[in-house]
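Participant: Got a file for you: final-v7.txt, compact mmCIF, C-alpha atoms.
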```txt
# COMPACT_ATOMS: atom_id res chain seq x y z
CA MET A 206 0.00 0.00 0.00
CA SER A 207 1.35 3.41 -0.93
CA ARG A 208 1.79 5.93 1.86
CA ARG A 209 0.98 9.62 1.80
CA ALA A 210 4.00 11.80 1.19
CA PRO A 211 4.88 13.82 4.28
CA SER A 212 5.19 16.93 2.12
CA ARG A 213 1.43 16.97 1.43
CA PRO A 214 -0.28 20.07 2.87
CA PRO A 215 -1.57 19.51 6.42
CA SER A 216 -5.25 19.51 5.43
CA ALA A 217 -4.86 17.39 2.31
CA ALA A 218 -5.08 14.01 4.00
CA ALA A 219 -8.46 14.88 5.50
CA ASP A 220 -9.81 16.38 2.24
CA THR A 221 -8.60 13.77 -0.24
CA PRO A 222 -10.85 10.72 -0.76
CA ARG A 223 -9.17 7.42 -0.03
CA SER A 224 -11.15 5.52 -2.63
CA SER A 225 -14.01 6.01 -5.06
CA GLU A 226 -15.49 2.69 -3.97
CA SER A 227 -18.40 2.70 -1.55
CA ARG A 228 -17.34 1.48 1.90
CA ALA A 229 -19.39 0.51 4.92
CA PRO A 230 -18.78 3.06 7.71
CA GLN A 231 -16.99 1.64 10.77
CA ALA A 232 -18.26 4.37 13.06
CA ALA A 233 -20.39 7.50 13.16
CA ILE A 234 -20.32 10.92 14.80
CA GLY A 235 -21.15 10.58 18.49
CA GLU A 236 -19.74 7.07 18.79
CA VAL A 237 -16.71 5.59 20.52
CA ALA A 238 -14.72 3.42 18.13
CA TRP A 239 -11.47 1.47 17.74
CA LEU A 240 -9.91 2.88 14.56
CA ARG A 241 -6.70 2.30 12.62
CA VAL A 242 -4.22 5.13 12.16
CA VAL A 243 -3.65 5.60 8.43
CA SER A 244 -1.06 8.38 8.48
CA VAL A 245 0.44 11.16 10.57
CA ASN A 246 1.43 14.66 9.44
CA ASP A 247 1.74 18.20 10.81
CA SER A 248 -2.02 18.41 11.51
CA GLY A 249 -2.19 15.21 13.54
CA ALA A 250 -3.12 11.61 12.86
CA PHE A 251 -5.69 10.44 10.33
CA LEU A 252 -7.95 7.48 11.05
CA ASP A 253 -9.77 5.06 8.79
CA TRP A 254 -13.43 5.18 9.78
CA GLY A 255 -14.78 3.50 6.66
CA ARG A 256 -15.51 6.68 4.74
CA PRO A 257 -13.85 8.26 1.69
CA LYS A 258 -12.15 10.97 3.80
CA ASP A 259 -10.04 9.95 6.77
CA LEU A 260 -10.90 11.24 10.24
CA LEU A 261 -8.59 13.81 11.82
CA LEU A 262 -7.21 13.13 15.31
CA PRO A 263 -5.52 16.47 16.21
CA PHE A 264 -2.37 16.48 18.31
CA GLY A 265 -4.26 18.23 21.11
CA GLU A 266 -6.72 15.30 21.31
CA GLN A 267 -4.07 12.59 21.39
CA VAL A 268 -2.78 10.59 24.33
CA GLY A 269 0.80 9.74 23.49
CA ARG A 270 1.71 9.82 19.82
CA PRO A 271 -0.19 7.25 17.71
CA GLU A 272 1.76 5.68 14.86
CA ALA A 273 0.52 4.63 11.43
CA GLY A 274 -0.78 1.08 11.46
CA ARG A 275 -1.76 1.15 15.15
CA HIS A 276 -5.31 1.36 16.50
CA VAL A 277 -6.68 3.96 18.89
CA LEU A 278 -9.87 4.21 20.93
CA VAL A 279 -11.56 7.54 20.19
CA LYS A 280 -14.79 9.48 20.56
CA ILE A 281 -15.98 11.02 17.31
CA ASN A 282 -17.26 14.57 17.66
CA VAL A 283 -17.62 17.68 15.49
CA ASP A 284 -15.47 20.81 15.75
CA GLU A 285 -16.60 24.45 15.76
CA ARG A 286 -17.03 24.27 11.97
CA SER A 287 -19.18 21.11 12.21
CA ARG A 288 -16.39 18.94 10.77
CA PRO A 289 -15.94 15.41 12.19
CA VAL A 290 -12.94 15.09 14.49
CA ALA A 291 -11.68 12.39 16.86
CA SER A 292 -10.42 12.53 20.44
CA MET A 293 -8.57 10.00 22.57
CA ARG A 294 -9.39 12.02 25.70
CA LEU A 295 -12.50 9.99 26.46
CA ASN A 296 -13.00 11.30 29.99
CA ARG A 297 -13.86 14.70 28.54
CA PHE A 298 -16.86 13.23 26.73
CA ILE A 299 -17.92 10.12 28.67
CA ALA A 300 -19.99 10.66 31.83
CA ASP A 301 -19.33 8.80 35.08
CA THR A 302 -23.02 8.31 35.89
CA GLY A 303 -26.04 7.02 34.01
CA ASP A 304 -29.09 7.86 36.08
CA ASP A 305 -31.38 7.47 33.06
CA LEU A 306 -30.51 3.75 32.80
CA ALA A 307 -32.02 0.96 34.89
CA PRO A 308 -31.07 -2.61 35.86
CA GLY A 309 -31.92 -5.01 33.06
CA ASP A 310 -31.62 -2.42 30.27
CA ALA A 311 -30.03 -3.86 27.11
CA VAL A 312 -27.12 -1.63 26.03
CA THR A 313 -24.28 -1.39 23.55
CA LEU A 314 -20.79 -1.61 25.07
CA VAL A 315 -17.34 -0.67 23.81
CA VAL A 316 -14.49 -2.24 25.80
CA ALA A 317 -11.94 0.24 27.14
CA ASP A 318 -9.36 -0.33 29.89
CA ARG A 319 -8.71 -3.04 32.44
CA THR A 320 -8.99 -2.26 36.16
CA PRO A 321 -8.20 -4.30 39.29
CA LEU A 322 -11.89 -5.28 39.43
CA GLY A 323 -12.51 -6.05 35.77
CA VAL A 324 -12.96 -4.08 32.56
CA LYS A 325 -14.23 -0.55 31.99
CA ALA A 326 -16.62 -0.17 29.08
CA VAL A 327 -18.39 2.74 27.43
CA VAL A 328 -22.17 2.28 27.64
CA GLU A 329 -24.23 3.60 24.70
CA HIS A 330 -21.17 5.66 23.66
CA ARG A 331 -21.76 8.11 26.53
CA VAL A 332 -21.41 6.60 30.04
CA TRP A 333 -18.70 4.61 31.83
CA GLY A 334 -19.58 1.22 33.31
CA LEU A 335 -17.77 -1.75 34.82
CA LEU A 336 -17.76 -5.43 33.87
CA TYR A 337 -16.54 -7.50 36.81
CA GLN A 338 -13.75 -9.99 36.10
CA ASP A 339 -15.57 -12.91 37.75
CA ASP A 340 -18.52 -12.47 35.35
CA LEU A 341 -16.52 -12.40 32.11
CA PRO A 342 -16.84 -15.54 29.98
CA ARG A 343 -13.56 -14.79 28.14
CA THR A 344 -10.83 -12.23 27.71
CA LEU A 345 -12.18 -9.07 26.12
CA ARG A 346 -10.27 -6.99 23.59
CA ARG A 347 -9.90 -3.22 23.85
CA GLY A 348 -12.24 -1.56 21.36
CA GLU A 349 -14.48 -4.61 21.06
CA ARG A 350 -18.19 -3.87 20.64
CA LEU A 351 -20.58 -6.03 22.64
CA ASP A 352 -24.22 -6.34 23.56
CA GLY A 353 -24.62 -6.11 27.32
CA TYR A 354 -26.96 -5.27 30.17
CA VAL A 355 -27.07 -2.87 33.07
CA ARG A 356 -26.61 -5.08 36.10
CA ARG A 357 -26.91 -2.42 38.80
CA VAL A 358 -27.06 1.34 39.19
CA ARG A 359 -25.09 2.19 42.32
CA GLU A 360 -26.16 4.85 44.77
CA ASP A 361 -23.66 7.26 43.21
CA GLY A 362 -25.13 6.64 39.74
CA ARG A 363 -22.23 4.54 38.45
CA LEU A 364 -23.07 1.45 36.41
CA ASP A 365 -22.22 -2.20 36.97
CA LEU A 366 -22.60 -4.22 33.78
CA SER A 367 -23.19 -7.78 32.65
CA LEU A 368 -22.82 -9.62 29.35
CA ALA A 369 -25.66 -11.96 30.32
CA PRO A 370 -29.31 -11.01 30.74
CA LEU A 371 -30.53 -10.59 34.29
CA GLY A 372 -33.14 -12.42 36.32
CA GLY A 373 -35.19 -15.12 34.64
CA ALA A 374 -33.49 -14.66 31.27
CA ARG A 375 -30.11 -15.13 32.92
CA ARG A 376 -31.26 -18.31 34.66
CA ASP A 377 -32.80 -19.61 31.43
CA GLN A 378 -29.55 -19.07 29.55
CA ALA A 379 -27.49 -20.87 32.21
CA ARG A 380 -30.01 -23.71 32.41
CA GLU A 381 -29.86 -24.26 28.64
CA ARG A 382 -26.05 -24.34 28.80
CA VAL A 383 -26.20 -27.00 31.54
CA LEU A 384 -28.69 -29.13 29.60
CA ALA A 385 -26.63 -28.84 26.41
CA ALA A 386 -23.50 -29.91 28.31
CA LEU A 387 -25.39 -32.90 29.73
CA ASP A 388 -26.38 -33.89 26.19
CA GLU A 389 -22.75 -33.68 25.07
CA GLY A 390 -21.60 -35.71 28.08
CA ASN A 391 -24.15 -38.51 27.75
CA GLY A 392 -26.06 -37.27 30.75
CA PHE A 393 -23.13 -36.25 32.95
CA LEU A 394 -21.45 -32.89 33.62
CA ALA A 395 -18.31 -32.88 35.78
CA LEU A 396 -19.12 -29.64 37.59
CA THR A 397 -20.52 -29.00 41.05
CA ASP A 398 -21.29 -26.01 43.24
CA LYS A 399 -17.75 -26.47 44.61
CA SER A 400 -16.08 -26.12 41.20
CA PRO A 401 -13.89 -23.01 40.77
CA ALA A 402 -15.59 -20.09 39.04
CA ALA A 403 -12.94 -20.09 36.31
CA VAL A 404 -13.64 -23.75 35.52
CA VAL A 405 -17.39 -23.15 35.32
CA LYS A 406 -16.84 -20.13 33.09
CA ALA A 407 -14.48 -22.01 30.77
CA ARG A 408 -16.84 -24.98 30.44
CA LEU A 409 -20.22 -23.24 30.16
CA GLY A 410 -19.49 -19.58 29.50
CA VAL A 411 -21.60 -18.44 32.49
CA SER A 412 -20.75 -17.20 35.95
CA LYS A 413 -20.64 -19.59 38.88
CA SER A 414 -23.62 -17.87 40.51
CA ALA A 415 -25.69 -18.38 37.35
CA PHE A 416 -24.60 -22.04 37.21
CA LYS A 417 -25.65 -22.59 40.82
CA GLU A 418 -29.04 -21.00 40.14
CA ALA A 419 -29.48 -23.21 37.08
CA ILE A 420 -28.67 -26.51 38.76
CA GLY A 421 -30.75 -25.51 41.77
CA GLY A 422 -33.76 -24.98 39.54
CA LEU A 423 -33.18 -28.18 37.57
CA TYR A 424 -32.81 -30.13 40.81
CA LYS A 425 -36.13 -28.80 42.12
CA GLN A 426 -37.71 -29.86 38.82
CA ARG A 427 -36.17 -33.32 39.37
CA ARG A 428 -34.45 -33.19 36.02
CA ILE A 429 -30.99 -33.76 37.52
CA ARG A 430 -29.39 -35.30 40.57
CA LEU A 431 -26.36 -33.82 42.28
CA GLU A 432 -23.45 -35.99 43.33
CA ALA A 433 -19.93 -35.36 44.58
CA GLY A 434 -18.42 -35.83 41.11
CA GLY A 435 -20.87 -33.71 39.15
CA VAL A 436 -24.37 -33.40 37.74
CA HIS A 437 -26.34 -36.37 36.36
CA ARG A 438 -29.41 -36.10 34.19
CA VAL A 439 -32.44 -37.91 35.57
CA ASP A 440 -33.98 -40.36 33.09
CA ASP A 441 -36.99 -38.60 31.58
CA GLU A 442 -38.96 -41.82 31.74
CA ALA A 443 -38.25 -42.45 35.39
CA PRO A 444 -41.43 -41.82 37.47
CA SER A 445 -41.27 -38.96 39.93
CA ASP A 446 -42.35 -39.32 43.55
CA ASP A 447 -45.66 -37.61 42.75
CA ALA A 448 -46.45 -40.18 40.06
CA ARG A 449 -45.82 -43.22 42.24
```
Go ahead and express the file in the form of structure tokens.
Facilitator:
Amino acid sequence: MSRRAPSRPPSAAADTPRSSESRAPQAAIGEVAWLRVVSVNDSGAFLDWGRPKDLLLPFGEQVGRPEAGRHVLVKINVDERSRPVASMRLNRFIADTGDDLAPGDAVTLVVADRTPLGVKAVVEHRVWGLLYQDDLPRTLRRGERLDGYVRRVREDGRLDLSLAPLGGARRDQARERVLAALDEGNGFLALTDKSPAAVVKARLGVSKSAFKEAIGGLYKQRRIRLEAGGVHRVDDEAPSDDAR
């Protein structure tokens, strides 16, 4: 791929179309996005956002000095002349509280930075939230877009998040994962309520608390029996105590 000559006028990279072909936009104004740096010149860095003209990331909106070929997490805004412009200084544009959101709300998430408790994510491109490490089914990548849910709105308005639906939907999802695993294991699943959370997550992709809720419900329905080595499916044709 040819590279822009550094002698090009500072505004030229933003004003010159990259291609005459139609391209699906990667991001829109108002969104947080993980974008590739195409080039750098005296005006700043230019980002590929899936449109004919690259997106300007001015030096004053950079954190560090992005290099061509790298990706950066930015918020896309408009400047005083209504031109699209990017910023890496997310805290200037992302709120700490989301009082208009409620537990159970389905939301769009963009993964940001890791913390000692888990992973920070941008909720609906405008509010910070936290995904707790113990609830993550896998390692998340910075800039990854995900569907998620508001797990809790704290007293200070900050958001705790979940990748799994809450309440009954969460239990239903975990229950279906347990039943599918029993099918794969010929009626046996080598997990118990004593299994480490990481093992449960790796095997089923759900949190340990969701797994415990699921097997508790299935046990009450007499669809499984719980033993020291794991979970056994109860023969569907076996009569229950009520039928005897």
Participant: May I ask which of the residues A:Val328, A:Leu387, A:Ala291, A:Leu345 is the closest one to Asp440 (chain A), counting all atoms listed in the file?
Facilitator: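 Looking at the shortest contact to Asp440 (chain A), the residue is A:Leu387.
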Participant: Which value, in Å to one decimal, gives the distance between CA of Lys325 (chain A) and CA of Glu381 (chain A)?
Facilitator: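 CA of Lys325 (chain A) sits 28.6 Å away from CA of Glu381 (chain A).
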Participant: In file coordinates, which residues lie within 9 Å of (-24.0, -28.2, 31.2) using only C-alpha atoms, given as a ChimeraX atom specification?
Facilitator: /A:379-390,393-396,408-409,416,436
Participant: Please report the interatomic distance between CA of Trp239 (chain A) and CA of Val312 (chain A) in Å with one decimal.
Facilitator: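 That distance, rounded to one decimal, is 18.0 Å.
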Participant: Measuring between only C-alpha atoms, which one of A:Leu252, A:Leu295, A:Ile420, A:Leu335 shows the shortest distance to Glu432 (chain A)?
Facilitator: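 Closest to Glu432 (chain A), using only C-alpha atoms: A:Ile420.
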Participant: Once you count all atoms listed in the file, which residues end up no further than 9 Å from (-11.1, -4.0, 17.4) in the file's frame, shown as a list of chain:residue names?
Facilitator: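 Residues with an atom at most 9 Å from (-11.1, -4.0, 17.4): A:Ala238, A:Trp239, A:Leu240, A:His276, A:Arg346, A:Arg347, A:Gly348, A:Glu349, A:Arg350.
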Participant: Can you work out which one of A:Ala273, A:Val316, A:Val268, A:Lys258 has the shortest atom-to-atom distance to Met293 (chain A), counting only C-alpha atoms?
Facilitator: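 Using only C-alpha atoms, Met293 (chain A) sits closest to A:Val268.
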Participant: Expressed in Å to a single decimal, how great is the separation between CA of Ser400 (chain A) and CA of Pro308 (chain A)?
Facilitator: 28.4 Å
Participant: Which neighbours of Ala326 (chain A) fall inside 6 Å, counting all atoms listed in the file, when residues of the same chain fewer than 3 positions from it are skipped, and could you give them as an mmCIF file with C-alpha atoms, in the coordinates of the input?
Facilitator:
```cif
data_model
loop_
_atom_site.group_PDB
_atom_site.id
_atom_site.type_symbol
_atom_site.label_atom_id
_atom_site.label_comp_id
_atom_site.auth_asym_id
_atom_site.auth_seq_id
_atom_site.Cartn_x
_atom_site.Cartn_y
_atom_site.Cartn_z
ATOM 1 C CA LEU A 314 -20.790 -1.610 25.070
ATOM 2 C CA VAL A 315 -17.340 -0.670 23.810
ATOM 3 C CA VAL A 316 -14.490 -2.240 25.800
ATOM 4 C CA ALA A 317 -11.940 0.240 27.140
ATOM 5 C CA TRP A 333 -18.700 4.610 31.830
ATOM 6 C CA GLY A 334 -19.580 1.220 33.310
#
```
Participant: Let me make sure I understand: among A:Leu260, A:Ala403, A:Ala311, A:Val358, which one has the smallest atom-to-atom distance to Gln231 (chain A) if we use only C-alpha atoms?
Facilitator: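 Closest residue, counting only C-alpha atoms: A:Leu260.
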Participant: Hey, which of A:Gly353, A:Gly434, A:Pro342, A:Gly323 ends up closest to Thr397 (chain A)? Count only C-alpha atoms.
Facilitator: A:Gly434
Participant: Taking only C-alpha atoms into account, which of A:Gln338, A:Thr302, A:Ser367, A:Ser292 comes nearest Asp352 (chain A)?
Facilitator: A:Ser367
Participant: For Trp254 (chain A), work out the shell of residues within 12 Å, counting only C-alpha atoms and skipping chain neighbours fewer than 6 positions away, then give it as a list in words.
Facilitator: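 The residues satisfying every condition are Ala219, Arg223, Arg228, Ala229, Pro230, Gln231, Ala232, Ala233, Ile234, Glu236, Val237, Ala238, Trp239, Leu240, Arg241, Val242, Val243, Leu260, Leu261, Leu262, His276, Val277, Leu278, Val279, Lys280, Ile281, Pro289, Val290 and Ala291 of chain A.
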